[in-house]
Amino acid sequence: MVTRWGMTVPLGGVPLADHAAVFAALADAGFTDFWSSEVNGTDAFTPLTLASVWQPEARLGTAITPVFTRGPGLLAMTAAALAEAAPGRFQLGIGSSSPVVVGDWNAAEFTQPYARSRDMLRFLRAALAGQTVDETYETFRIRRFRLERPPAVPPRILLAALRPGMLRLAAAEADGVILNWLAASDVPQALSEAKTDDPDFDVVARIFVCPTEDAAYARAVGRRMIAAYLTVPAYLEFHRWLGREPALAPMWTAWARGDRKGALAAIPDAVVDELIVHGSPEECRDHVLRYGEAGVKVPVMALIPTPELEKGGPAALADLFTALGPGRA
């Protein structure tokens, strides 16, 4: 059951300095949450810091902050600062990210992603609670670190997870799980591994939304995204676990032999339609609600640009938010 309604920020094509109006329009449309990602656009924390001031009632979250690209102490300090700026409103979502983001773009070593995620989760839990951490973890060593400004309200820590091992870790040690690149029909399988008796355990899902009735356009964009992401080993194995090998094997084969055009052509419409929400704004909203019916508490839309948005400008954005959102409670 959906308890909150999220949007990924910042929006493409809108300068950060102009996001006060974006955040206001989203809040007016009933969006309760602003969630950031961290790939090669903005960092995860700057947009949320702006939102914490411009919308002092909004919930904020990172989905995700990689566990390799900042040292443990720096990540704890960054999270503590935002938790201090927005007490009780910030959730820290962490995850392993990918070899490209970690290794190729940040010159860090992408090794033991499960262990690094587990160790960072345990370190952050202690550090953000104001404890002095002097600990040898499997993937790093911390010597007598203590936050000078521990937040009065430590942020809840969520873990991004795909397959059973990480899903079980999230259920056992985190305050929630962040799901990504899955269909509404896949949610029960993921949550069957993330079993917990904690009624406050958060289930967040990042959902790609392309609000256009031009199905050919949406599917063309969706195919490019699917080929770029689901050929990455972690996502490939995730969708193999979900049972999509028969549908995606031709794409994986073509991609492996360097046939990018053939890989795109091999992706079935049905897979695009499952993983990329598209249609009228109202149809998109109803599709997103299916994630809630499947067990997601916080669906977080990630808007994909459309021809209508490019033509309509800021006014079209405000109208779109109203059509996509649940309305002011």
# chains A, B, ... in the order shown; residues from 1 in each chain; ligands from 1

$ closest_atom_pairs --of "stretch 19-81 of chain A" --to "stretch 105-126 of chain A" --cutoff "10 Å" --atoms "only C-alpha atoms" --output "CSV"
residue,atom,partner,partner_atom,distance
A:Val39,CA,A:Trp105,CA,9.3
A:Asn40,CA,A:Trp105,CA,8.4
A:Pro66,CA,A:Ser117,CA,8.8
A:Val67,CA,A:Ser117,CA,6.2
A:Phe68,CA,A:Ala108,CA,6.8
A:Thr69,CA,A:Asn106,CA,6.4
A:Arg70,CA,A:Ala108,CA,9.4
A:Gly71,CA,A:Met120,CA,9.4
A:Pro72,CA,A:Met120,CA,6.7
A:Gly73,CA,A:Leu124,CA,8.6
A:Leu75,CA,A:Leu124,CA,8.2
A:Ala76,CA,A:Leu124,CA,6.1
A:Met77,CA,A:Leu124,CA,9.7
A:Ala79,CA,A:Leu124,CA,9.1
A:Ala80,CA,A:Leu124,CA,9.8

$ select_by_dssp --residues "stretch 243-323 of chain A" --states "strand (DSSP E or B)" --output "ChimeraX atom specification"
/A:276-278,298-303

$ residues_around --residues "A:Ser280" --least-positions-apart "4" --cutoff "9 Å" --atoms "only C-alpha atoms" --output "mmCIF file with N, CA and C atoms, in the first residue's frame"
data_model
loop_
_atom_site.group_PDB
_atom_site.id
_atom_site.type_symbol
_atom_site.label_atom_id
_atom_site.label_comp_id
_atom_site.auth_asym_id
_atom_site.auth_seq_id
_atom_site.Cartn_x
_atom_site.Cartn_y
_atom_site.Cartn_z
ATOM 1 N N CYS A 210 7.606 7.431 -18.487
ATOM 2 C CA CYS A 210 7.681 8.190 -19.736
ATOM 3 C C CYS A 210 6.258 8.595 -20.118
ATOM 4 N N PRO A 211 5.794 9.760 -19.640
ATOM 5 C CA PRO A 211 4.383 10.119 -19.797
ATOM 6 C C PRO A 211 4.053 10.659 -21.191
ATOM 7 N N THR A 212 3.911 9.733 -22.128
ATOM 8 C CA THR A 212 3.526 10.089 -23.491
ATOM 9 C C THR A 212 2.663 8.977 -24.060
ATOM 10 N N GLU A 213 1.708 9.358 -24.890
ATOM 11 C CA GLU A 213 0.878 8.363 -25.572
ATOM 12 C C GLU A 213 1.501 7.909 -26.885
ATOM 13 N N CYS A 284 -0.147 6.330 -16.538
ATOM 14 C CA CYS A 284 1.114 6.142 -15.811
ATOM 15 C C CYS A 284 0.875 6.090 -14.308
ATOM 16 N N ARG A 285 0.056 7.002 -13.809
ATOM 17 C CA ARG A 285 -0.236 7.011 -12.368
ATOM 18 C C ARG A 285 -0.864 5.687 -11.943
ATOM 19 N N ALA A 323 -1.376 15.734 -12.941
ATOM 20 C CA ALA A 323 -1.977 14.531 -13.516
ATOM 21 C C ALA A 323 -1.334 13.262 -12.974
#

$ atom_distance --atom1 "atom CA of A:Ala220" --atom2 "atom CA of A:Asp269"
9.7 Å

$ residues_around --residues "A:Val272" --least-positions-apart "6" --cutoff "7 Å" --atoms "only C-alpha atoms" --output "VMD selection string"
chain A and resid 219 222 to 223

$ closest_atom_pairs --of "stretch 173-242 of chain A" --to "stretch 160-164 of chain A" --cutoff "10 Å" --atoms "only C-alpha atoms" --output "tab-separated table"
residue	atom	partner	partner_atom	distance
A:Ala174	CA	A:Ala160	CA	9.8
A:Gly176	CA	A:Ala160	CA	8.7
A:Val177	CA	A:Ala160	CA	5.7
A:Ile178	CA	A:Ala160	CA	4.4
A:Leu179	CA	A:Ala161	CA	6.1
A:Asn180	CA	A:Leu162	CA	7.5
A:Trp181	CA	A:Leu162	CA	8.9
A:Leu182	CA	A:Leu162	CA	9.2
A:Gln189	CA	A:Pro164	CA	9.6
A:Ala190	CA	A:Arg163	CA	7.4
A:Leu191	CA	A:Pro164	CA	9.4
A:Ser192	CA	A:Pro164	CA	8.9
A:Glu193	CA	A:Pro164	CA	5.6
A:Ala194	CA	A:Pro164	CA	7.7
A:Val204	CA	A:Ala160	CA	9.0
A:Ala205	CA	A:Ala160	CA	9.4
A:Ala234	CA	A:Leu162	CA	8.0
A:Tyr235	CA	A:Leu162	CA	7.7
A:Glu237	CA	A:Arg163	CA	8.1
A:Phe238	CA	A:Arg163	CA	5.9
A:His239	CA	A:Leu162	CA	9.1
A:Trp241	CA	A:Arg163	CA	7.4
A:Leu242	CA	A:Arg163	CA	8.9

$ write_last_selection --atoms "N, CA and C atoms" --output "PDB file, in the first residue's frame"
ATOM      1  N   ALA A 174      18.935  -3.287   7.711  1.00  0.00           N
ATOM      2  CA  ALA A 174      18.600  -1.923   7.296  1.00  0.00           C
ATOM      3  C   ALA A 174      17.189  -1.555   7.760  1.00  0.00           C
ATOM      4  N   GLY A 176      15.032  -0.347   5.599  1.00  0.00           N
ATOM      5  CA  GLY A 176      14.192  -0.465   4.423  1.00  0.00           C
ATOM      6  C   GLY A 176      15.025  -0.931   3.251  1.00  0.00           C
ATOM      7  N   VAL A 177      14.340  -1.194   2.142  1.00  0.00           N
ATOM      8  CA  VAL A 177      14.991  -1.666   0.929  1.00  0.00           C
ATOM      9  C   VAL A 177      14.603  -0.752  -0.222  1.00  0.00           C
ATOM     10  N   ILE A 178      15.542  -0.551  -1.138  1.00  0.00           N
ATOM     11  CA  ILE A 178      15.284   0.220  -2.348  1.00  0.00           C
ATOM     12  C   ILE A 178      15.366  -0.741  -3.533  1.00  0.00           C
ATOM     13  N   LEU A 179      14.273  -0.807  -4.292  1.00  0.00           N
ATOM     14  CA  LEU A 179      14.194  -1.668  -5.463  1.00  0.00           C
ATOM     15  C   LEU A 179      14.347  -0.811  -6.716  1.00  0.00           C
ATOM     16  N   ASN A 180      14.816  -1.426  -7.783  1.00  0.00           N
ATOM     17  CA  ASN A 180      15.086  -0.680  -9.006  1.00  0.00           C
ATOM     18  C   ASN A 180      15.015  -1.636 -10.196  1.00  0.00           C
ATOM     19  N   TRP A 181      14.589  -1.110 -11.332  1.00  0.00           N
ATOM     20  CA  TRP A 181      14.564  -1.868 -12.574  1.00  0.00           C
ATOM     21  C   TRP A 181      13.787  -3.178 -12.447  1.00  0.00           C
ATOM     22  N   LEU A 182      12.577  -3.067 -11.947  1.00  0.00           N
ATOM     23  CA  LEU A 182      11.718  -4.240 -11.899  1.00  0.00           C
ATOM     24  C   LEU A 182      10.294  -3.838 -12.211  1.00  0.00           C
ATOM     25  N   GLN A 189       8.209 -11.249  -5.686  1.00  0.00           N
ATOM     26  CA  GLN A 189       9.376 -12.134  -5.648  1.00  0.00           C
ATOM     27  C   GLN A 189      10.510 -11.485  -4.864  1.00  0.00           C
ATOM     28  N   ALA A 190      10.732 -10.188  -5.099  1.00  0.00           N
ATOM     29  CA  ALA A 190      11.793  -9.502  -4.351  1.00  0.00           C
ATOM     30  C   ALA A 190      11.479  -9.482  -2.864  1.00  0.00           C
ATOM     31  N   LEU A 191      10.243  -9.168  -2.524  1.00  0.00           N
ATOM     32  CA  LEU A 191       9.888  -9.043  -1.107  1.00  0.00           C
ATOM     33  C   LEU A 191       9.792 -10.397  -0.411  1.00  0.00           C
ATOM     34  N   SER A 192       9.684 -11.465  -1.175  1.00  0.00           N
ATOM     35  CA  SER A 192       9.700 -12.789  -0.535  1.00  0.00           C
ATOM     36  C   SER A 192      11.065 -13.083   0.076  1.00  0.00           C
ATOM     37  N   GLU A 193      12.109 -12.395  -0.412  1.00  0.00           N
ATOM     38  CA  GLU A 193      13.446 -12.535   0.162  1.00  0.00           C
ATOM     39  C   GLU A 193      13.703 -11.502   1.249  1.00  0.00           C
ATOM     40  N   ALA A 194      13.079 -10.330   1.122  1.00  0.00           N
ATOM     41  CA  ALA A 194      13.276  -9.258   2.111  1.00  0.00           C
ATOM     42  C   ALA A 194      12.195  -9.361   3.182  1.00  0.00           C
ATOM     43  N   VAL A 204      10.939   1.000  -0.945  1.00  0.00           N
ATOM     44  CA  VAL A 204      10.989   2.074  -1.921  1.00  0.00           C
ATOM     45  C   VAL A 204      11.310   1.474  -3.280  1.00  0.00           C
ATOM     46  N   ALA A 205      10.648   1.946  -4.326  1.00  0.00           N
ATOM     47  CA  ALA A 205      10.951   1.473  -5.677  1.00  0.00           C
ATOM     48  C   ALA A 205      11.133   2.669  -6.597  1.00  0.00           C
ATOM     49  N   ALA A 234      25.314  -7.231 -12.857  1.00  0.00           N
ATOM     50  CA  ALA A 234      24.419  -7.348 -11.700  1.00  0.00           C
ATOM     51  C   ALA A 234      22.958  -7.323 -12.127  1.00  0.00           C
ATOM     52  N   TYR A 235      22.625  -6.437 -13.064  1.00  0.00           N
ATOM     53  CA  TYR A 235      21.237  -6.359 -13.521  1.00  0.00           C
ATOM     54  C   TYR A 235      20.887  -7.536 -14.418  1.00  0.00           C
ATOM     55  N   GLU A 237      22.038 -10.595 -14.082  1.00  0.00           N
ATOM     56  CA  GLU A 237      21.748 -11.720 -13.186  1.00  0.00           C
ATOM     57  C   GLU A 237      20.446 -11.509 -12.427  1.00  0.00           C
ATOM     58  N   PHE A 238      20.119 -10.264 -12.118  1.00  0.00           N
ATOM     59  CA  PHE A 238      18.855  -9.951 -11.452  1.00  0.00           C
ATOM     60  C   PHE A 238      17.677 -10.390 -12.319  1.00  0.00           C
ATOM     61  N   HIS A 239      17.721 -10.032 -13.595  1.00  0.00           N
ATOM     62  CA  HIS A 239      16.591 -10.385 -14.467  1.00  0.00           C
ATOM     63  C   HIS A 239      16.598 -11.851 -14.851  1.00  0.00           C
ATOM     64  N   TRP A 241      17.355 -14.048 -12.569  1.00  0.00           N
ATOM     65  CA  TRP A 241      16.697 -14.560 -11.359  1.00  0.00           C
ATOM     66  C   TRP A 241      15.189 -14.308 -11.406  1.00  0.00           C
ATOM     67  N   LEU A 242      14.787 -13.171 -11.963  1.00  0.00           N
ATOM     68  CA  LEU A 242      13.362 -12.867 -12.066  1.00  0.00           C
ATOM     69  C   LEU A 242      12.647 -13.713 -13.113  1.00  0.00           C
TER      70      LEU A 242
END

$ residues_around --residues "A:His19" --least-positions-apart "4" --cutoff "12 Å" --atoms "only C-alpha atoms" --output "ChimeraX atom specification"
/A:9-15,23-26,34,46-55,314,317

$ write_last_selection --atoms "N, CA and C atoms" --output "short mmCIF file (atom, residue, chain, number, x, y, z; two decimals), in the first residue's frame"
data_model
loop_
_atom_site.label_atom_id
_atom_site.label_comp_id
_atom_site.auth_asym_id
_atom_site.auth_seq_id
_atom_site.Cartn_x
_atom_site.Cartn_y
_atom_site.Cartn_z
N VAL A 9 14.68 13.77 -8.17
CA VAL A 9 15.14 15.12 -8.46
C VAL A 9 16.67 15.13 -8.50
N PRO A 10 17.26 16.12 -9.18
CA PRO A 10 16.62 17.20 -9.92
C PRO A 10 16.10 16.71 -11.27
N LEU A 11 15.20 17.50 -11.86
CA LEU A 11 14.66 17.16 -13.17
C LEU A 11 15.64 17.61 -14.26
N GLY A 12 15.77 16.79 -15.28
CA GLY A 12 16.64 17.13 -16.40
C GLY A 12 16.14 18.37 -17.12
N GLY A 13 17.05 19.21 -17.53
CA GLY A 13 16.69 20.40 -18.28
C GLY A 13 16.29 21.59 -17.45
N VAL A 14 16.20 21.42 -16.13
CA VAL A 14 15.84 22.53 -15.24
C VAL A 14 17.05 22.82 -14.35
N PRO A 15 17.61 24.03 -14.40
CA PRO A 15 18.76 24.34 -13.54
C PRO A 15 18.40 24.18 -12.06
N PHE A 23 9.87 22.10 -6.92
CA PHE A 23 9.51 21.47 -5.65
C PHE A 23 8.13 21.93 -5.18
N ALA A 24 7.81 23.21 -5.37
CA ALA A 24 6.51 23.72 -4.96
C ALA A 24 5.39 23.07 -5.78
N ALA A 25 5.61 22.94 -7.08
CA ALA A 25 4.59 22.33 -7.93
C ALA A 25 4.38 20.86 -7.59
N LEU A 26 5.47 20.17 -7.29
CA LEU A 26 5.34 18.77 -6.89
C LEU A 26 4.57 18.64 -5.57
N PHE A 34 11.04 13.76 -2.10
CA PHE A 34 12.00 14.03 -3.16
C PHE A 34 13.20 13.11 -2.95
N THR A 46 23.21 17.72 -2.77
CA THR A 46 22.94 19.14 -3.02
C THR A 46 21.48 19.40 -3.36
N PRO A 47 20.84 18.66 -4.28
CA PRO A 47 19.43 18.92 -4.56
C PRO A 47 18.54 18.76 -3.33
N LEU A 48 18.86 17.77 -2.48
CA LEU A 48 18.04 17.55 -1.29
C LEU A 48 18.25 18.64 -0.25
N THR A 49 19.45 19.19 -0.20
CA THR A 49 19.70 20.31 0.72
C THR A 49 18.86 21.51 0.32
N LEU A 50 18.79 21.80 -0.98
CA LEU A 50 17.93 22.88 -1.46
C LEU A 50 16.47 22.58 -1.12
N ALA A 51 16.05 21.35 -1.37
CA ALA A 51 14.66 20.99 -1.10
C ALA A 51 14.33 21.09 0.39
N SER A 52 15.30 20.80 1.24
CA SER A 52 15.05 20.87 2.68
C SER A 52 14.69 22.28 3.13
N VAL A 53 15.22 23.26 2.42
CA VAL A 53 14.93 24.67 2.75
C VAL A 53 13.68 25.14 2.03
N TRP A 54 13.57 24.83 0.76
CA TRP A 54 12.45 25.33 -0.04
C TRP A 54 11.13 24.63 0.28
N GLN A 55 11.17 23.39 0.75
CA GLN A 55 9.96 22.65 1.11
C GLN A 55 10.17 22.01 2.48
N PRO A 314 7.94 24.84 -18.66
CA PRO A 314 7.57 24.78 -17.24
C PRO A 314 6.07 24.62 -17.00
N LEU A 317 5.16 21.06 -17.21
CA LEU A 317 5.60 20.30 -16.05
C LEU A 317 4.60 20.38 -14.92
#

$ residues_around --residues "A:Phe321" --least-positions-apart "3" --cutoff "12 Å" --atoms "only C-alpha atoms" --output "PyMOL selection string"
chain A and resi 5-7+22-31+209+211+281-282+284-285+301+303+309+314-318+324-328

$ select_by_dssp --residues "stretch 1-233 of chain A" --states "alpha helix (DSSP H)" --output "VMD selection string"
chain A and resid 19 to 28 46 to 54 72 to 85 99 113 to 128 164 to 173 187 to 193 215 to 229 233

$ write_last_selection --atoms "C-alpha atoms" --output "short mmCIF file (atom, residue, chain, number, x, y, z; two decimals), in the first residue's frame"
data_model
loop_
_atom_site.label_atom_id
_atom_site.label_comp_id
_atom_site.auth_asym_id
_atom_site.auth_seq_id
_atom_site.Cartn_x
_atom_site.Cartn_y
_atom_site.Cartn_z
CA HIS A 19 14.03 24.06 -8.68
CA ALA A 20 12.19 26.01 -5.97
CA ALA A 21 9.24 26.27 -8.35
CA VAL A 22 9.58 22.59 -9.29
CA PHE A 23 9.51 21.47 -5.65
CA ALA A 24 6.51 23.72 -4.96
CA ALA A 25 4.59 22.33 -7.93
CA LEU A 26 5.34 18.77 -6.89
CA ALA A 27 4.18 19.44 -3.33
CA ASP A 28 0.98 21.07 -4.64
CA THR A 46 22.94 19.14 -3.02
CA PRO A 47 19.43 18.92 -4.56
CA LEU A 48 18.04 17.55 -1.29
CA THR A 49 19.70 20.31 0.72
CA LEU A 50 17.93 22.88 -1.46
CA ALA A 51 14.66 20.99 -1.10
CA SER A 52 15.05 20.87 2.68
CA VAL A 53 14.93 24.67 2.75
CA TRP A 54 12.45 25.33 -0.04
CA PRO A 72 33.11 5.93 5.38
CA GLY A 73 33.80 9.04 7.49
CA LEU A 74 32.95 11.45 4.68
CA LEU A 75 29.71 9.64 3.90
CA ALA A 76 28.75 9.74 7.57
CA MET A 77 29.51 13.48 7.77
CA THR A 78 27.55 14.25 4.60
CA ALA A 79 24.53 12.27 5.77
CA ALA A 80 24.71 13.79 9.25
CA ALA A 81 24.74 17.32 7.84
CA LEU A 82 21.57 16.75 5.82
CA ALA A 83 19.93 14.96 8.75
CA GLU A 84 20.71 18.02 10.89
CA ALA A 85 19.28 20.37 8.23
CA PRO A 99 31.85 -0.97 -11.92
CA PRO A 113 30.10 -5.21 -3.31
CA TYR A 114 28.03 -7.26 -0.87
CA ALA A 115 30.64 -7.08 1.90
CA ARG A 116 31.34 -3.38 1.32
CA SER A 117 27.60 -2.59 1.47
CA ARG A 118 27.20 -4.62 4.67
CA ASP A 119 30.24 -3.02 6.30
CA MET A 120 29.22 0.51 5.34
CA LEU A 121 25.71 -0.10 6.65
CA ARG A 122 27.08 -1.26 10.00
CA PHE A 123 29.57 1.59 10.23
CA LEU A 124 26.96 4.23 9.36
CA ARG A 125 24.49 2.82 11.88
CA ALA A 126 27.02 3.28 14.67
CA ALA A 127 28.53 6.56 13.47
CA LEU A 128 25.21 8.33 12.86
CA PRO A 164 18.40 -12.67 -2.53
CA GLY A 165 21.62 -12.05 -0.59
CA MET A 166 21.34 -8.28 -0.57
CA LEU A 167 17.56 -8.41 -0.10
CA ARG A 168 18.02 -10.55 3.01
CA LEU A 169 20.71 -8.20 4.30
CA ALA A 170 18.35 -5.24 3.89
CA ALA A 171 15.63 -7.04 5.83
CA ALA A 172 18.02 -8.13 8.59
CA GLU A 173 20.01 -4.93 9.17
CA VAL A 187 7.81 -6.96 -6.48
CA PRO A 188 6.38 -10.01 -4.63
CA GLN A 189 9.38 -12.13 -5.65
CA ALA A 190 11.79 -9.50 -4.35
CA LEU A 191 9.89 -9.04 -1.11
CA SER A 192 9.70 -12.79 -0.54
CA GLU A 193 13.45 -12.54 0.16
CA ALA A 215 4.18 4.33 -27.68
CA ALA A 216 6.81 4.10 -30.43
CA TYR A 217 8.76 6.96 -28.85
CA ALA A 218 8.48 5.51 -25.33
CA ARG A 219 9.56 2.06 -26.49
CA ALA A 220 12.52 3.42 -28.45
CA VAL A 221 13.77 5.31 -25.39
CA GLY A 222 12.98 2.33 -23.18
CA ARG A 223 14.95 -0.06 -25.36
CA ARG A 224 18.04 2.15 -25.17
CA MET A 225 17.76 2.30 -21.37
CA ILE A 226 17.18 -1.44 -21.03
CA ALA A 227 20.15 -2.25 -23.26
CA ALA A 228 22.38 0.12 -21.30
CA TYR A 229 21.38 -1.17 -17.85
CA PRO A 233 26.31 -8.09 -14.93
#

$ closest_residue --among "A:Asp202, A:Glu135, A:Asp186, A:Glu38" --to "A:Arg156" --atoms "only C-alpha atoms"
A:Asp202

$ residues_around --residues "stretch 59-65 of chain A" --least-positions-apart "5" --cutoff "7 Å" --atoms "only C-alpha atoms" --output "compact mmCIF listing (two decimals) with N, CA and C atoms, in the first residue's frame"
# COMPACT_ATOMS: atom_id res chain seq x y z
N THR A 32 4.99 13.78 -1.74
CA THR A 32 5.47 13.96 -0.36
C THR A 32 6.98 13.85 -0.25
N ASP A 33 7.61 13.21 -1.25
CA ASP A 33 9.02 12.83 -1.16
C ASP A 33 9.80 13.32 -2.36
N PHE A 34 11.04 13.76 -2.10
CA PHE A 34 12.00 14.03 -3.16
C PHE A 34 13.20 13.11 -2.95
N TRP A 35 13.53 12.35 -3.97
CA TRP A 35 14.63 11.39 -3.89
C TRP A 35 15.65 11.71 -4.97
N SER A 36 16.92 11.65 -4.62
CA SER A 36 18.00 11.93 -5.56
C SER A 36 18.75 10.65 -5.89
N SER A 37 19.42 10.67 -7.03
CA SER A 37 20.31 9.58 -7.40
C SER A 37 21.71 10.15 -7.59
N GLU A 38 22.69 9.29 -7.79
CA GLU A 38 24.06 9.76 -7.94
C GLU A 38 24.77 8.87 -8.96
N ALA A 44 24.24 13.44 -4.87
CA ALA A 44 22.95 13.08 -4.28
C ALA A 44 22.45 14.09 -3.27
N LEU A 48 18.86 17.77 -2.48
CA LEU A 48 18.04 17.55 -1.29
C LEU A 48 18.25 18.64 -0.25
N ARG A 89 13.38 14.02 8.54
CA ARG A 89 12.80 14.00 7.19
C ARG A 89 13.71 13.33 6.16
N PHE A 90 14.91 12.94 6.56
CA PHE A 90 15.88 12.43 5.60
C PHE A 90 16.12 10.94 5.80
N GLN A 91 16.15 10.20 4.69
CA GLN A 91 16.51 8.79 4.69
C GLN A 91 17.72 8.60 3.79
N LEU A 92 18.70 7.88 4.29
CA LEU A 92 19.93 7.64 3.54
C LEU A 92 19.84 6.28 2.85
N GLY A 93 19.76 6.31 1.54
CA GLY A 93 19.77 5.09 0.76
C GLY A 93 21.16 4.84 0.20
N ILE A 94 21.72 3.69 0.50
CA ILE A 94 23.06 3.34 0.03
C ILE A 94 22.98 2.09 -0.84
N GLY A 95 24.01 1.92 -1.68
CA GLY A 95 24.06 0.74 -2.52
C GLY A 95 25.41 0.60 -3.15

$ decode --residues "stretch 187-199 of chain A" --atoms "N, CA and C atoms" --output "mmCIF file, in the first residue's frame"
data_model
loop_
_atom_site.group_PDB
_atom_site.id
_atom_site.type_symbol
_atom_site.label_atom_id
_atom_site.label_comp_id
_atom_site.auth_asym_id
_atom_site.auth_seq_id
_atom_site.Cartn_x
_atom_site.Cartn_y
_atom_site.Cartn_z
ATOM 1 N N VAL A 187 7.646 -7.407 -7.863
ATOM 2 C CA VAL A 187 7.812 -6.961 -6.481
ATOM 3 C C VAL A 187 7.597 -8.100 -5.482
ATOM 4 N N PRO A 188 6.554 -8.924 -5.617
ATOM 5 C CA PRO A 188 6.378 -10.007 -4.631
ATOM 6 C C PRO A 188 7.571 -10.945 -4.552
ATOM 7 N N GLN A 189 8.209 -11.249 -5.686
ATOM 8 C CA GLN A 189 9.376 -12.134 -5.648
ATOM 9 C C GLN A 189 10.510 -11.485 -4.864
ATOM 10 N N ALA A 190 10.732 -10.188 -5.099
ATOM 11 C CA ALA A 190 11.793 -9.502 -4.351
ATOM 12 C C ALA A 190 11.479 -9.482 -2.864
ATOM 13 N N LEU A 191 10.243 -9.168 -2.524
ATOM 14 C CA LEU A 191 9.888 -9.043 -1.107
ATOM 15 C C LEU A 191 9.792 -10.397 -0.411
ATOM 16 N N SER A 192 9.684 -11.465 -1.175
ATOM 17 C CA SER A 192 9.700 -12.789 -0.535
ATOM 18 C C SER A 192 11.065 -13.083 0.076
ATOM 19 N N GLU A 193 12.109 -12.395 -0.412
ATOM 20 C CA GLU A 193 13.446 -12.535 0.162
ATOM 21 C C GLU A 193 13.703 -11.502 1.249
ATOM 22 N N ALA A 194 13.079 -10.330 1.122
ATOM 23 C CA ALA A 194 13.276 -9.258 2.111
ATOM 24 C C ALA A 194 12.195 -9.361 3.182
ATOM 25 N N LYS A 195 12.178 -10.486 3.883
ATOM 26 C CA LYS A 195 11.144 -10.730 4.891
ATOM 27 C C LYS A 195 11.555 -10.119 6.225
ATOM 28 N N THR A 196 10.646 -9.419 6.847
ATOM 29 C CA THR A 196 10.921 -8.802 8.139
ATOM 30 C C THR A 196 9.615 -8.651 8.913
ATOM 31 N N ASP A 197 9.721 -8.677 10.230
ATOM 32 C CA ASP A 197 8.548 -8.451 11.076
ATOM 33 C C ASP A 197 8.388 -6.980 11.440
ATOM 34 N N ASP A 198 9.287 -6.124 10.955
ATOM 35 C CA ASP A 198 9.254 -4.703 11.298
ATOM 36 C C ASP A 198 8.164 -4.008 10.493
ATOM 37 N N PRO A 199 7.105 -3.529 11.136
ATOM 38 C CA PRO A 199 6.024 -2.870 10.389
ATOM 39 C C PRO A 199 6.456 -1.540 9.778
#
